$ cat work.txt   # compact mmCIF, C-alpha atoms and all ligand atoms
# COMPACT_ATOMS: atom_id res chain seq x y z
CA MET A 969 -9.65 44.09 3.86
CA ILE A 970 -8.35 40.53 4.21
CA LEU A 971 -6.26 39.03 1.42
CA VAL A 972 -7.07 35.32 0.99
CA THR A 973 -4.56 33.56 -1.23
CA GLY A 974 -6.00 30.42 -2.81
CA GLY A 975 -9.45 31.79 -2.00
CA ALA A 976 -11.08 30.14 -5.01
CA GLY A 977 -10.09 26.69 -3.74
CA TYR A 978 -11.90 24.25 -1.48
CA ILE A 979 -10.91 25.58 1.94
CA GLY A 980 -10.20 29.17 0.86
CA ALA A 981 -13.69 29.62 -0.61
CA HIS A 982 -15.30 28.51 2.65
CA VAL A 983 -13.00 30.90 4.54
CA VAL A 984 -14.00 33.77 2.24
CA LEU A 985 -17.70 33.00 2.81
CA GLU A 986 -17.13 33.00 6.54
CA LEU A 987 -15.28 36.31 6.42
CA MET A 988 -17.99 37.94 4.33
CA SER A 989 -20.74 36.66 6.59
CA HIS A 990 -18.99 38.47 9.44
CA GLY A 991 -18.82 41.75 7.56
CA GLU A 992 -15.15 41.47 6.56
CA ASP A 993 -14.11 42.47 3.04
CA ALA A 994 -12.19 39.73 1.24
CA LEU A 995 -9.78 39.97 -1.65
CA ILE A 996 -8.91 36.70 -3.37
CA LEU A 997 -5.61 36.07 -5.12
CA ASP A 998 -5.64 32.74 -6.94
CA ASN A 999 -3.97 31.52 -10.12
CA LEU A 1000 -6.83 29.01 -10.65
CA CYS A 1001 -4.39 26.11 -11.15
CA ASN A 1002 -6.72 23.91 -9.07
CA SER A 1003 -9.98 25.83 -9.06
CA SER A 1004 -12.17 27.90 -11.35
CA ARG A 1005 -14.15 31.12 -11.51
CA SER A 1006 -17.32 29.13 -10.91
CA SER A 1007 -16.50 29.04 -7.20
CA LEU A 1008 -16.79 32.86 -7.22
CA GLU A 1009 -20.30 32.59 -8.70
CA ARG A 1010 -21.17 30.01 -6.08
CA MET A 1011 -19.92 32.22 -3.24
CA ALA A 1012 -21.98 35.11 -4.61
CA SER A 1013 -25.10 32.97 -4.90
CA ILE A 1014 -24.76 31.73 -1.30
CA SER A 1015 -23.86 35.01 0.36
CA GLY A 1016 -25.26 37.66 -1.97
CA ARG A 1017 -21.83 39.27 -1.85
CA ARG A 1018 -19.04 38.99 -4.36
CA PRO A 1019 -15.45 39.01 -3.13
CA VAL A 1020 -12.89 40.98 -5.11
CA PHE A 1021 -10.95 38.51 -7.24
CA VAL A 1022 -7.55 38.86 -8.85
CA GLN A 1023 -6.15 36.04 -10.96
CA GLY A 1024 -2.46 35.86 -10.20
CA ASP A 1025 0.34 33.86 -8.68
CA VAL A 1026 1.47 34.12 -5.10
CA ARG A 1027 5.06 33.71 -6.31
CA ASN A 1028 4.75 36.88 -8.36
CA ARG A 1029 6.18 39.69 -6.27
CA GLY A 1030 4.96 42.36 -8.70
CA VAL A 1031 1.33 41.21 -8.38
CA LEU A 1032 1.59 41.14 -4.59
CA ASP A 1033 3.11 44.64 -4.41
CA THR A 1034 0.32 45.99 -6.62
CA LEU A 1035 -2.36 44.41 -4.40
CA PHE A 1036 -0.84 45.78 -1.19
CA HIS A 1037 -0.55 49.19 -2.86
CA GLU A 1038 -4.08 49.29 -4.31
CA TYR A 1039 -6.11 47.77 -1.48
CA SER A 1040 -6.17 48.51 2.20
CA ILE A 1041 -5.10 45.03 3.32
CA ASN A 1042 -4.60 44.51 7.05
CA ALA A 1043 -4.16 40.73 7.24
CA VAL A 1044 -3.52 37.72 5.01
CA ILE A 1045 -4.95 34.20 5.12
CA HIS A 1046 -2.56 32.11 3.05
CA CYS A 1047 -4.33 29.07 1.63
CA ALA A 1048 -2.68 29.02 -1.81
CA GLY A 1049 -0.64 25.89 -2.27
CA LEU A 1050 -0.37 22.51 -3.92
CA LYS A 1051 -1.65 19.57 -1.90
CA ALA A 1052 -1.46 16.26 -3.76
CA VAL A 1053 0.97 13.96 -1.98
CA GLY A 1054 1.63 11.63 -4.94
CA GLU A 1055 2.16 14.54 -7.33
CA SER A 1056 4.63 16.06 -4.86
CA VAL A 1057 6.76 12.91 -5.11
CA ARG A 1058 6.80 13.19 -8.92
CA GLU A 1059 7.23 16.97 -9.06
CA PRO A 1060 9.03 18.02 -5.87
CA LEU A 1061 10.47 21.24 -7.30
CA ARG A 1062 7.02 22.54 -8.22
CA TYR A 1063 5.85 21.80 -4.67
CA TYR A 1064 8.80 23.49 -2.96
CA ASP A 1065 8.58 26.42 -5.37
CA THR A 1066 4.87 27.02 -4.68
CA ASN A 1067 4.52 26.02 -1.05
CA VAL A 1068 7.86 27.30 0.25
CA GLY A 1069 8.90 29.86 -2.38
CA GLY A 1070 5.37 31.28 -2.61
CA SER A 1071 5.21 31.67 1.17
CA VAL A 1072 8.60 33.42 1.29
CA THR A 1073 7.60 35.84 -1.49
CA LEU A 1074 4.31 36.58 0.23
CA CYS A 1075 5.98 37.25 3.59
CA GLN A 1076 8.54 39.56 1.95
CA ALA A 1077 5.78 41.53 0.24
CA MET A 1078 3.77 41.72 3.48
CA LYS A 1079 6.77 42.99 5.42
CA ASP A 1080 7.55 45.68 2.87
CA ALA A 1081 3.88 46.71 2.86
CA GLY A 1082 3.77 46.87 6.66
CA VAL A 1083 1.20 44.05 6.99
CA PHE A 1084 2.18 41.70 9.82
CA THR A 1085 -0.87 39.51 10.49
CA LEU A 1086 -0.76 36.13 8.77
CA VAL A 1087 -2.82 32.95 9.04
CA PHE A 1088 -1.18 29.96 7.33
CA SER A 1089 -2.82 26.74 6.06
CA SER A 1090 -0.53 24.10 7.50
CA SER A 1091 -1.19 20.43 8.01
CA ALA A 1092 -1.06 17.68 10.61
CA THR A 1093 1.35 15.99 8.23
CA VAL A 1094 4.12 18.07 9.87
CA TYR A 1095 3.88 15.77 12.91
CA GLY A 1096 5.00 12.81 10.81
CA ASP A 1097 4.36 9.44 12.48
CA CYS A 1098 3.70 10.63 16.02
CA ALA A 1099 3.70 7.81 18.59
CA ARG A 1100 1.38 9.54 21.06
CA MET A 1101 -2.33 10.11 20.45
CA PRO A 1102 -4.02 12.52 20.55
CA ILE A 1103 -1.48 14.88 19.02
CA ASN A 1104 -1.10 18.22 20.74
CA GLU A 1105 0.94 21.21 19.63
CA THR A 1106 3.85 20.39 21.95
CA CYS A 1107 4.48 17.12 20.05
CA ALA A 1108 7.68 17.43 18.07
CA THR A 1109 7.33 17.84 14.35
CA GLY A 1110 8.44 14.68 12.58
CA ASN A 1111 9.97 13.87 9.26
CA PRO A 1112 7.12 13.95 6.73
CA SER A 1113 7.51 11.12 4.24
CA ASN A 1114 6.86 13.18 1.10
CA PRO A 1115 7.77 16.56 -0.43
CA TYR A 1116 4.27 17.96 0.23
CA GLY A 1117 4.63 17.40 3.98
CA GLN A 1118 8.23 18.62 3.93
CA SER A 1119 7.16 21.79 2.12
CA LYS A 1120 4.56 22.58 4.81
CA LEU A 1121 7.13 22.00 7.55
CA MET A 1122 9.67 24.18 5.75
CA ALA A 1123 7.14 26.99 5.28
CA GLU A 1124 6.28 26.81 8.99
CA ASN A 1125 9.98 27.02 9.87
CA VAL A 1126 10.45 30.02 7.59
CA MET A 1127 7.60 31.78 9.39
CA LYS A 1128 8.92 30.87 12.83
CA SER A 1129 12.36 32.31 12.00
CA MET A 1130 10.75 35.41 10.57
CA VAL A 1131 8.73 36.02 13.75
CA ALA A 1132 11.81 35.41 15.90
CA SER A 1133 13.65 38.10 13.95
CA ASP A 1134 10.92 40.75 14.03
CA PRO A 1135 8.44 41.25 16.89
CA ARG A 1136 5.91 43.04 14.72
CA TRP A 1137 4.57 39.76 13.30
CA SER A 1138 1.44 37.89 14.42
CA VAL A 1139 1.39 34.50 12.71
CA GLY A 1140 -1.03 31.61 13.17
CA LEU A 1141 0.04 28.19 11.94
CA LEU A 1142 -3.16 26.19 11.53
CA ARG A 1143 -2.47 22.49 11.41
CA TYR A 1144 -5.48 21.01 9.69
CA PHE A 1145 -6.25 17.35 10.26
CA ASN A 1146 -8.54 15.87 7.54
CA PRO A 1147 -10.92 18.50 6.13
CA ILE A 1148 -14.00 17.04 4.45
CA GLY A 1149 -17.63 18.03 3.91
CA ALA A 1150 -19.14 20.90 1.98
CA HIS A 1151 -21.26 23.97 2.45
CA GLU A 1152 -24.73 22.94 3.63
CA SER A 1153 -26.33 24.70 0.62
CA GLY A 1154 -24.81 22.01 -1.62
CA LYS A 1155 -23.38 24.82 -3.76
CA LEU A 1156 -19.75 24.74 -2.64
CA GLY A 1157 -17.43 21.81 -2.01
CA GLU A 1158 -14.33 20.03 -3.20
CA ALA A 1159 -14.20 19.48 -6.96
CA PRO A 1160 -11.17 17.35 -7.84
CA THR A 1161 -10.19 17.58 -11.48
CA LEU A 1162 -7.93 14.50 -11.44
CA THR A 1163 -8.34 11.07 -9.83
CA PRO A 1164 -8.81 11.88 -6.15
CA ASN A 1165 -6.12 10.84 -3.69
CA ASN A 1166 -8.11 11.38 -0.54
CA LEU A 1167 -10.63 9.03 0.97
CA LEU A 1168 -13.81 11.07 0.83
CA PRO A 1169 -13.69 12.44 -2.73
CA TYR A 1170 -12.89 8.93 -3.95
CA LEU A 1171 -15.71 7.40 -1.90
CA LEU A 1172 -18.15 9.99 -3.30
CA GLN A 1173 -17.19 9.12 -6.86
CA VAL A 1174 -17.72 5.41 -6.13
CA ALA A 1175 -21.09 6.10 -4.50
CA SER A 1176 -22.20 8.14 -7.51
CA GLY A 1177 -21.22 5.36 -9.92
CA GLN A 1178 -18.20 7.08 -11.48
CA ARG A 1179 -15.79 4.44 -10.14
CA PRO A 1180 -16.36 0.73 -9.47
CA ALA A 1181 -15.01 0.34 -5.92
CA LEU A 1182 -13.30 2.12 -3.07
CA HIS A 1183 -9.80 0.81 -2.47
CA VAL A 1184 -9.27 0.32 1.25
CA PHE A 1185 -5.55 0.80 1.75
CA GLY A 1186 -4.39 -1.55 4.50
CA THR A 1187 -6.45 -3.86 6.69
CA ASP A 1188 -3.69 -4.89 9.09
CA TYR A 1189 -3.04 -1.69 11.04
CA GLU A 1190 -3.16 -1.87 14.82
CA THR A 1191 -6.58 -0.28 14.98
CA HIS A 1192 -10.00 -1.65 16.03
CA ASP A 1193 -10.78 -2.92 12.50
CA GLY A 1194 -7.34 -2.90 10.89
CA THR A 1195 -7.90 0.20 8.75
CA GLY A 1196 -6.28 3.63 9.16
CA ILE A 1197 -7.73 6.14 11.61
CA ARG A 1198 -7.96 9.88 10.91
CA ASP A 1199 -9.56 12.97 12.41
CA TYR A 1200 -12.09 14.25 9.85
CA VAL A 1201 -13.18 17.86 10.33
CA HIS A 1202 -15.99 19.74 8.58
CA VAL A 1203 -14.69 22.41 6.20
CA VAL A 1204 -17.20 24.94 7.57
CA ASP A 1205 -15.97 24.34 11.14
CA LEU A 1206 -12.47 24.86 9.77
CA ALA A 1207 -13.48 28.11 8.08
CA GLU A 1208 -15.01 29.39 11.32
CA GLY A 1209 -11.71 28.66 13.04
CA HIS A 1210 -9.84 30.92 10.61
CA LEU A 1211 -11.94 33.88 11.67
CA LYS A 1212 -11.30 33.09 15.34
CA ALA A 1213 -7.58 32.77 14.64
CA LEU A 1214 -7.56 36.11 12.87
CA GLN A 1215 -9.31 37.77 15.80
CA ALA A 1216 -6.80 36.28 18.25
CA LEU A 1217 -3.83 37.36 16.12
CA ARG A 1218 -5.11 40.92 15.99
CA ALA A 1219 -4.80 40.96 19.79
CA GLN A 1220 -1.44 39.23 20.26
CA ARG A 1221 1.88 39.05 18.51
CA GLY A 1222 4.26 36.16 17.98
CA VAL A 1223 3.79 32.76 16.41
CA HIS A 1224 0.88 30.58 17.49
CA ILE A 1225 0.21 26.99 16.52
CA TRP A 1226 -3.28 25.55 16.63
CA ASN A 1227 -4.47 22.05 15.77
CA PHE A 1228 -7.69 22.11 13.77
CA GLY A 1229 -9.39 18.77 14.26
CA THR A 1230 -12.31 17.35 16.22
CA GLY A 1231 -10.34 15.17 18.63
CA GLN A 1232 -12.21 12.10 17.39
CA GLY A 1233 -10.66 9.47 15.13
CA TYR A 1234 -12.55 7.28 12.66
CA SER A 1235 -11.26 4.35 10.65
CA VAL A 1236 -11.80 3.95 6.90
CA ILE A 1237 -14.46 1.32 7.62
CA ASP A 1238 -16.14 3.59 10.21
CA VAL A 1239 -16.40 6.29 7.52
CA VAL A 1240 -17.79 3.88 4.93
CA LYS A 1241 -20.39 2.49 7.34
CA ALA A 1242 -21.44 5.97 8.46
CA PHE A 1243 -21.77 7.05 4.83
CA GLU A 1244 -23.91 4.00 3.98
CA ARG A 1245 -26.12 4.70 6.99
CA VAL A 1246 -26.54 8.41 6.31
CA CYS A 1247 -26.89 8.32 2.53
CA GLY A 1248 -28.53 4.91 2.08
CA ILE A 1249 -26.03 3.75 -0.53
CA THR A 1250 -23.84 0.65 -0.43
CA VAL A 1251 -20.20 1.35 -1.25
CA PRO A 1252 -18.38 -1.54 -3.02
CA LEU A 1253 -14.97 -2.10 -1.42
CA SER A 1254 -11.76 -3.59 -2.67
CA TYR A 1255 -9.22 -4.46 0.01
CA GLU A 1256 -5.68 -3.46 -0.93
CA PRO A 1257 -2.22 -3.44 0.67
CA ARG A 1258 -1.15 -0.42 2.73
CA ARG A 1259 -0.48 2.78 0.78
CA PRO A 1260 3.23 3.67 1.04
CA GLY A 1261 3.90 6.49 3.49
CA ASP A 1262 0.57 6.14 5.34
CA ILE A 1263 0.48 6.07 9.11
CA ALA A 1264 -1.92 3.97 11.17
CA ARG A 1265 -3.48 6.59 13.41
CA CYS A 1266 -3.71 10.36 13.57
CA TRP A 1267 -6.08 12.49 15.57
CA ALA A 1268 -5.86 15.85 17.26
CA ASP A 1269 -5.98 17.20 20.73
CA PRO A 1270 -7.86 20.39 19.80
CA GLY A 1271 -7.79 21.71 23.41
CA LYS A 1272 -5.40 24.59 22.72
CA ALA A 1273 -7.63 26.04 19.99
CA SER A 1274 -10.61 25.65 22.28
CA LEU A 1275 -8.86 27.40 25.17
CA GLU A 1276 -7.15 30.17 23.23
CA LEU A 1277 -9.61 30.77 20.39
CA GLY A 1278 -12.88 29.55 21.80
CA TRP A 1279 -13.08 27.34 18.71
CA CYS A 1280 -14.14 23.77 18.48
CA ALA A 1281 -15.45 21.72 15.60
CA HIS A 1282 -19.02 20.75 16.39
CA ARG A 1283 -20.33 19.23 13.15
CA SER A 1284 -20.56 15.43 13.35
CA LEU A 1285 -19.12 12.87 10.94
CA GLU A 1286 -22.67 12.15 9.76
CA ARG A 1287 -23.19 15.83 8.99
CA MET A 1288 -19.88 15.99 7.10
CA LEU A 1289 -20.89 13.02 4.97
CA ALA A 1290 -24.44 14.24 4.33
CA ASP A 1291 -23.18 17.69 3.27
CA ALA A 1292 -20.49 16.17 1.06
CA TRP A 1293 -23.05 13.88 -0.58
CA ARG A 1294 -25.45 16.77 -1.24
CA TRP A 1295 -22.60 18.60 -2.98
CA GLN A 1296 -21.60 15.50 -4.94
CA CYS A 1297 -25.18 14.99 -6.14
CA SER A 1298 -25.41 18.58 -7.33
CA GLN A 1299 -22.12 18.10 -9.21
CA THR A 1300 -23.16 14.80 -10.76
CA HIS A 1301 -26.42 16.38 -11.88
CA ALA A 1302 -24.52 19.26 -13.50
CA PHE A 1303 -22.25 16.73 -15.20
CA ASP A 1304 -25.22 14.69 -16.50
CA THR A 1305 -26.83 17.87 -17.82
CA GLN A 1306 -23.62 18.91 -19.56
CA VAL A 1307 -23.08 15.61 -21.35
CA GLY A 1308 -26.74 14.67 -21.80
P1 LIG S 1401 -7.27 23.65 -3.23
O1 LIG S 1401 -6.34 23.12 -4.26
O2 LIG S 1401 -8.73 23.45 -3.41
O3 LIG S 1401 -7.00 25.21 -3.02
C1 LIG S 1401 -5.74 25.80 -3.17
C2 LIG S 1401 -5.92 27.00 -4.08
O4 LIG S 1401 -4.65 27.62 -4.26
C3 LIG S 1401 -6.45 26.63 -5.47
O5 LIG S 1401 -7.56 27.45 -5.78
C4 LIG S 1401 -5.28 26.91 -6.40
O6 LIG S 1401 -5.71 27.32 -7.68
C5 LIG S 1401 -4.52 27.98 -5.63
N1 LIG S 1401 -3.10 28.05 -5.92
C6 LIG S 1401 -2.20 27.05 -5.99
N2 LIG S 1401 -0.98 27.52 -6.28
C7 LIG S 1401 -1.10 28.85 -6.37
C8 LIG S 1401 -0.19 29.91 -6.65
N3 LIG S 1401 1.11 29.66 -6.91
N4 LIG S 1401 -0.65 31.18 -6.67
C9 LIG S 1401 -1.97 31.45 -6.43
N5 LIG S 1401 -2.87 30.49 -6.19
C10 LIG S 1401 -2.45 29.20 -6.14
O7 LIG S 1401 -6.79 23.05 -1.83
P2 LIG S 1401 -7.46 23.17 -0.39
O8 LIG S 1401 -7.88 21.82 0.04
O9 LIG S 1401 -8.41 24.28 -0.38
O10 LIG S 1401 -6.17 23.53 0.47
C11 LIG S 1401 -5.88 24.87 0.86
C12 LIG S 1401 -4.59 24.87 1.66
O11 LIG S 1401 -4.75 24.01 2.80
C13 LIG S 1401 -3.40 24.32 0.88
O12 LIG S 1401 -2.28 25.10 1.22
C14 LIG S 1401 -3.25 22.91 1.40
O13 LIG S 1401 -1.94 22.45 1.32
C15 LIG S 1401 -3.69 23.07 2.84
N6 LIG S 1401 -4.19 21.82 3.43
C16 LIG S 1401 -5.21 21.16 2.82
C17 LIG S 1401 -5.67 19.96 3.36
C18 LIG S 1401 -6.78 19.19 2.70
O14 LIG S 1401 -6.94 18.00 2.98
N7 LIG S 1401 -7.60 19.79 1.84
C19 LIG S 1401 -5.08 19.45 4.54
C20 LIG S 1401 -4.06 20.17 5.15
C21 LIG S 1401 -3.61 21.36 4.57
N1 LIG S 1402 -7.66 5.77 2.11
C1 LIG S 1402 -8.22 4.63 1.54
N2 LIG S 1402 -8.60 4.67 0.23
C2 LIG S 1402 -8.48 5.81 -0.54
C3 LIG S 1402 -7.92 6.95 0.05
C4 LIG S 1402 -7.52 6.90 1.37
O1 LIG S 1402 -8.33 3.59 2.19
O2 LIG S 1402 -8.84 5.78 -1.73
C5 LIG S 1402 -7.28 5.75 3.53
C6 LIG S 1402 -5.84 6.11 3.81
O3 LIG S 1402 -5.05 4.95 3.77
C7 LIG S 1402 -5.95 6.73 5.20
C8 LIG S 1402 -7.33 7.39 5.21
O4 LIG S 1402 -8.07 6.75 4.18
O5 LIG S 1402 -5.97 5.71 6.20
C9 LIG S 1402 -7.28 8.89 4.93
O6 LIG S 1402 -6.52 9.10 3.75
P1 LIG S 1402 -6.49 10.53 3.02
O7 LIG S 1402 -5.63 10.39 1.80
O8 LIG S 1402 -7.88 11.03 2.83
O9 LIG S 1402 -5.81 11.48 4.09
P2 LIG S 1402 -4.32 11.43 4.74
O10 LIG S 1402 -3.70 10.12 4.41
O11 LIG S 1402 -3.63 12.57 4.13
O12 LIG S 1402 -4.54 11.59 6.20

$ encode --input "work.txt" --output "structure tokens"
Amino acid sequence: MILVTGGAGYIGAHVVLELMSHGEDALILDNLCNSSRSSLERMASISGRRPVFVQGDVRNRGVLDTLFHEYSINAVIHCAGLKAVGESVREPLRYYDTNVGGSVTLCQAMKDAGVFTLVFSSSATVYGDCARMPINETCATGNPSNPYGQSKLMAENVMKSMVASDPRWSVGLLRYFNPIGAHESGKLGEAPTLTPNNLLPYLLQVASGQRPALHVFGTDYETHDGTGIRDYVHVVDLAEGHLKALQALRAQRGVHIWNFGTGQGYSVIDVVKAFERVCGITVPLSYEPRRPGDIARCWADPGKASLELGWCAHRSLERMLADAWRWQCSQTHAFDTQVG
């Protein structure tokens, strides 16, 4: 059985679906601080299988010990964490406690239970403002400009030291670039409860009439149209990569870093235009100054994951946007029904 922490969340739920569709048993540990039980219903309705779910906190050593004692867990995919950059600036202790402290507690419990295979949800933010594009795994990690990024880098460093001290570990550090999109059924996707920080959830709320305009942060970057460039990757491609990483880690020990991106960068305006083309909706824009802490360009060299895992992201930007819009429409409909 695979323990997926944060498995009720956006990425974790897609990972759980992927595991179940490959015949793996999944056990979810999630405290539901940024998700709800409805994602479990949605997973069951898509796959016809229901993962085991335990509501609990990854920082709670007692809960972890009980899980390792009661279930036959042979690997962990650690997605539980807090991810809002702005919130991390306001509440750094909560971020370090969950993202670093939670990871330390989990690794201690794993070690004591004799489970040494771990896949970790890291982020391209650990590279900081890298001068060279595309970014490959040999690029030095930078100095992330916010506590969220710092917490991911610290958790990675904890895991690297742990592996160096004990050869029994197999750890995969997955550096996600910009995950977007939704399950093609339209039944599972990202459901932000607060004002979204990230480009796509905000754009979707503008397109569905919940917000007046998309703020375009910065029009004077050194890019082809002045707006920031990122590497957007479909969440289902990402989920498939977790399974490949797990398979690779079962065959080799040590610490392994893999970039999870497409290798293709798109600007904010490229994304907006593609969305308008694919979904037939005009997105009102409001041009704003740069957002503090943002970098101009960031895209992956995903060659190492392709070579070592046989993984590459193959869903196009258009597909990501169409799937995300299908999900958004199903959400908006549910909302209308609730309030109507
Ligand atoms: P999410 O918020 O949808 O999912 C995270 C899940 O973890 C939620 O269900 C939440 O309830 C749970 N959780 C949080 N703290 C917990 C705790 N202490 N104990 C147990 N459960 C807890 O976020 P996501 O987008 O699915 O991100 C998953 C992971 O990937 C996170 O670690 C995030 O930092 C990382 N990541 C996300 C992105 C992105 O853009 N979505 C990019 C890079 C890295
Ligand atoms: N962005 C934007 N408006 C928004 C949110 C984001 O113009 O409402 C831009 C942001 O400046 C960056 C890109 O979109 O260039 C991706 O931002 P996001 O927050 O989604 O990801 P990250 O900055 O973490 O890569």

$ residues_around --input "work.txt" --residues "Ile1103 of chain A" --least-positions-apart "6" --cutoff "9 Å" --atoms "only C-alpha atoms" --output "VMD selection string"
chain A and resid 1092 1095 1227 1231 1266 to 1270

$ residues_around --input "work.txt" --residues "Thr1230 of chain A" --least-positions-apart "6" --cutoff "10 Å" --atoms "all atoms listed in the file" --output "list in words"
Phe1145, Asn1146, Asp1199, Tyr1200, Val1201, His1202, Asp1205, Leu1206, Trp1267, Ala1268, Asp1269, Pro1270, Gly1271, Cys1280, Ala1281, His1282, Arg1283, Ser1284 and Leu1285 of chain A

$ write_last_selection --input "work.txt" --atoms "C-alpha atoms" --output "JSON list (two decimals), in the coordinates of the input"
[["chain", "number", "residue", "atom", "x", "y", "z"],
["A", 1145, "PHE", "CA", -6.25, 17.35, 10.26],
["A", 1146, "ASN", "CA", -8.54, 15.87, 7.54],
["A", 1199, "ASP", "CA", -9.56, 12.97, 12.41],
["A", 1200, "TYR", "CA", -12.09, 14.25, 9.85],
["A", 1201, "VAL", "CA", -13.18, 17.86, 10.33],
["A", 1202, "HIS", "CA", -15.99, 19.74, 8.58],
["A", 1205, "ASP", "CA", -15.97, 24.34, 11.14],
["A", 1206, "LEU", "CA", -12.47, 24.86, 9.77],
["A", 1267, "TRP", "CA", -6.08, 12.49, 15.57],
["A", 1268, "ALA", "CA", -5.86, 15.85, 17.26],
["A", 1269, "ASP", "CA", -5.98, 17.20, 20.73],
["A", 1270, "PRO", "CA", -7.86, 20.39, 19.80],
["A", 1271, "GLY", "CA", -7.79, 21.71, 23.41],
["A", 1280, "CYS", "CA", -14.14, 23.77, 18.48],
["A", 1281, "ALA", "CA", -15.45, 21.72, 15.60],
["A", 1282, "HIS", "CA", -19.02, 20.75, 16.39],
["A", 1283, "ARG", "CA", -20.33, 19.23, 13.15],
["A", 1284, "SER", "CA", -20.56, 15.43, 13.35],
["A", 1285, "LEU", "CA", -19.12, 12.87, 10.94]]

$ atom_distance --input "work.txt" --atom1 "atom CA of Asn1042 of chain A" --atom2 "atom CA of Thr1085 of chain A"
7.1 Å

$ closest_residue --input "work.txt" --among "A:Gly1186, A:His1192, A:Gln1220, A:Gly1209" --to "ligand LIG 1402 (chain S)" --atoms "only C-alpha atoms and all ligand atoms"
A:Gly1186

$ closest_atom_pairs --input "work.txt" --of "segment 1001-1076 of chain A" --to "segment 990-997 of chain A" --cutoff "8 Å" --atoms "all atoms listed in the file" --output "CSV"
residue,atom,partner,partner_atom,distance
A:Pro1019,CA,A:Ala994,CA,5.5
A:Val1020,CA,A:Leu995,CA,4.8
A:Phe1021,CA,A:Ile996,CA,4.7
A:Val1022,CA,A:Leu997,CA,5.0
A:Gln1023,CA,A:Leu997,CA,5.9
A:Gly1024,CA,A:Leu997,CA,6.0
A:Asp1025,CA,A:Leu997,CA,7.3
A:Val1026,CA,A:Leu997,CA,7.3

$ residues_near_ligand --input "work.txt" --ligand "ligand LIG 1401 (chain S)" --cutoff "6 Å" --atoms "all atoms listed in the file" --output "list in words"
Gly974, Ala976, Gly977, Tyr978, Ile979, Gly980, Asp998, Asn999, Leu1000, Cys1001, Asn1002, Ser1003, Gly1024, Asp1025, Val1026, Arg1027, Cys1047, Ala1048, Gly1049, Leu1050, Lys1051, Thr1066, Ser1089, Ser1090, Ser1091, Tyr1144, Asn1146 and Pro1147 of chain A

$ atom_distance --input "work.txt" --atom1 "atom CA of Tyr1064 of chain A" --atom2 "atom CA of Ser1119 of chain A"
5.6 Å

$ atom_distance --input "work.txt" --atom1 "atom CA of Leu1142 of chain A" --atom2 "atom CA of Trp1226 of chain A"
5.1 Å

$ residues_near_ligand --input "work.txt" --ligand "ligand LIG 1402 (chain S)" --cutoff "8 Å" --atoms "all atoms listed in the file" --output "ChimeraX atom specification"
/A:1053,1093,1145-1146,1164-1168,1170-1171,1182-1186,1195-1198,1235-1236,1258-1259,1262-1266

$ closest_atom_pairs --input "work.txt" --of "segment 1157-1207 of chain A" --to "segment 1006-1010 of chain A" --cutoff "12 Å" --atoms "all atoms listed in the file" --output "Markdown table"
| residue | atom | partner | partner_atom | distance |
| --- | --- | --- | --- | --- |
| A:Gly1157 | CA | A:Ser1007 | CA | 8.9 |
| A:Glu1158 | CA | A:Ser1007 | CA | 10.1 |
| A:Ala1159 | CA | A:Ser1007 | CA | 9.8 |

$ closest_residue --input "work.txt" --among "A:Val1240, A:Val1139, A:Leu1156, A:Val1031" --to "Ala1012 of chain A" --atoms "all atoms listed in the file"
A:Leu1156

$ residues_around --input "work.txt" --residues "Lys1079 of chain A" --least-positions-apart "5" --cutoff "9 Å" --atoms "all atoms listed in the file" --output "ChimeraX atom specification"
/A:1074,1084,1137

$ write_last_selection --input "work.txt" --atoms "C-alpha atoms" --output "PDB file, in the frame of the given file"
ATOM      1  CA  LEU A1074       4.310  36.580   0.230  1.00  0.00           C
ATOM      2  CA  PHE A1084       2.180  41.700   9.820  1.00  0.00           C
ATOM      3  CA  TRP A1137       4.570  39.760  13.300  1.00  0.00           C
TER       4      TRP A1137
END

$ residues_around --input "work.txt" --residues "segment 1291-1299 of chain A" --least-positions-apart "3" --cutoff "7 Å" --atoms "all atoms listed in the file" --output "JSON, numbers by chain"
{"A": [1149, 1150, 1151, 1152, 1154, 1155, 1156, 1157, 1172, 1287, 1288, 1302, 1303]}

$ closest_residue --input "work.txt" --among "A:Leu1032, A:Val1223, A:Ala1290, A:Val1174" --to "Thr1073 of chain A" --atoms "all atoms listed in the file"
A:Leu1032

$ residues_around --input "work.txt" --residues "Ile1249 of chain A" --least-positions-apart "6" --cutoff "10 Å" --atoms "only C-alpha atoms" --output "list in words"
Ala1175, Ser1176, Val1240, Lys1241 and Phe1243 of chain A

$ decode --input "work.txt" --residues "segment 1036-1040 of chain A" --atoms "N, CA and C atoms" --output "mmCIF file, in the first residue's frame"
data_model
loop_
_atom_site.group_PDB
_atom_site.id
_atom_site.type_symbol
_atom_site.label_atom_id
_atom_site.label_comp_id
_atom_site.auth_asym_id
_atom_site.auth_seq_id
_atom_site.Cartn_x
_atom_site.Cartn_y
_atom_site.Cartn_z
ATOM 1 N N PHE A 1036 1.450 3.332 10.121
ATOM 2 C CA PHE A 1036 2.495 2.378 9.704
ATOM 3 C C PHE A 1036 2.310 1.021 10.396
ATOM 4 N N HIS A 1037 1.722 1.047 11.591
ATOM 5 C CA HIS A 1037 1.479 -0.192 12.322
ATOM 6 C C HIS A 1037 0.292 -0.963 11.724
ATOM 7 N N GLU A 1038 -0.765 -0.219 11.357
ATOM 8 C CA GLU A 1038 -2.020 -0.883 10.951
ATOM 9 C C GLU A 1038 -2.070 -1.272 9.482
ATOM 10 N N TYR A 1039 -1.318 -0.566 8.644
ATOM 11 C CA TYR A 1039 -1.391 -0.858 7.208
ATOM 12 C C TYR A 1039 -0.019 -1.305 6.722
ATOM 13 N N SER A 1040 -0.053 -2.087 5.663
ATOM 14 C CA SER A 1040 1.206 -2.592 5.120
ATOM 15 C C SER A 1040 1.730 -1.591 4.082
#
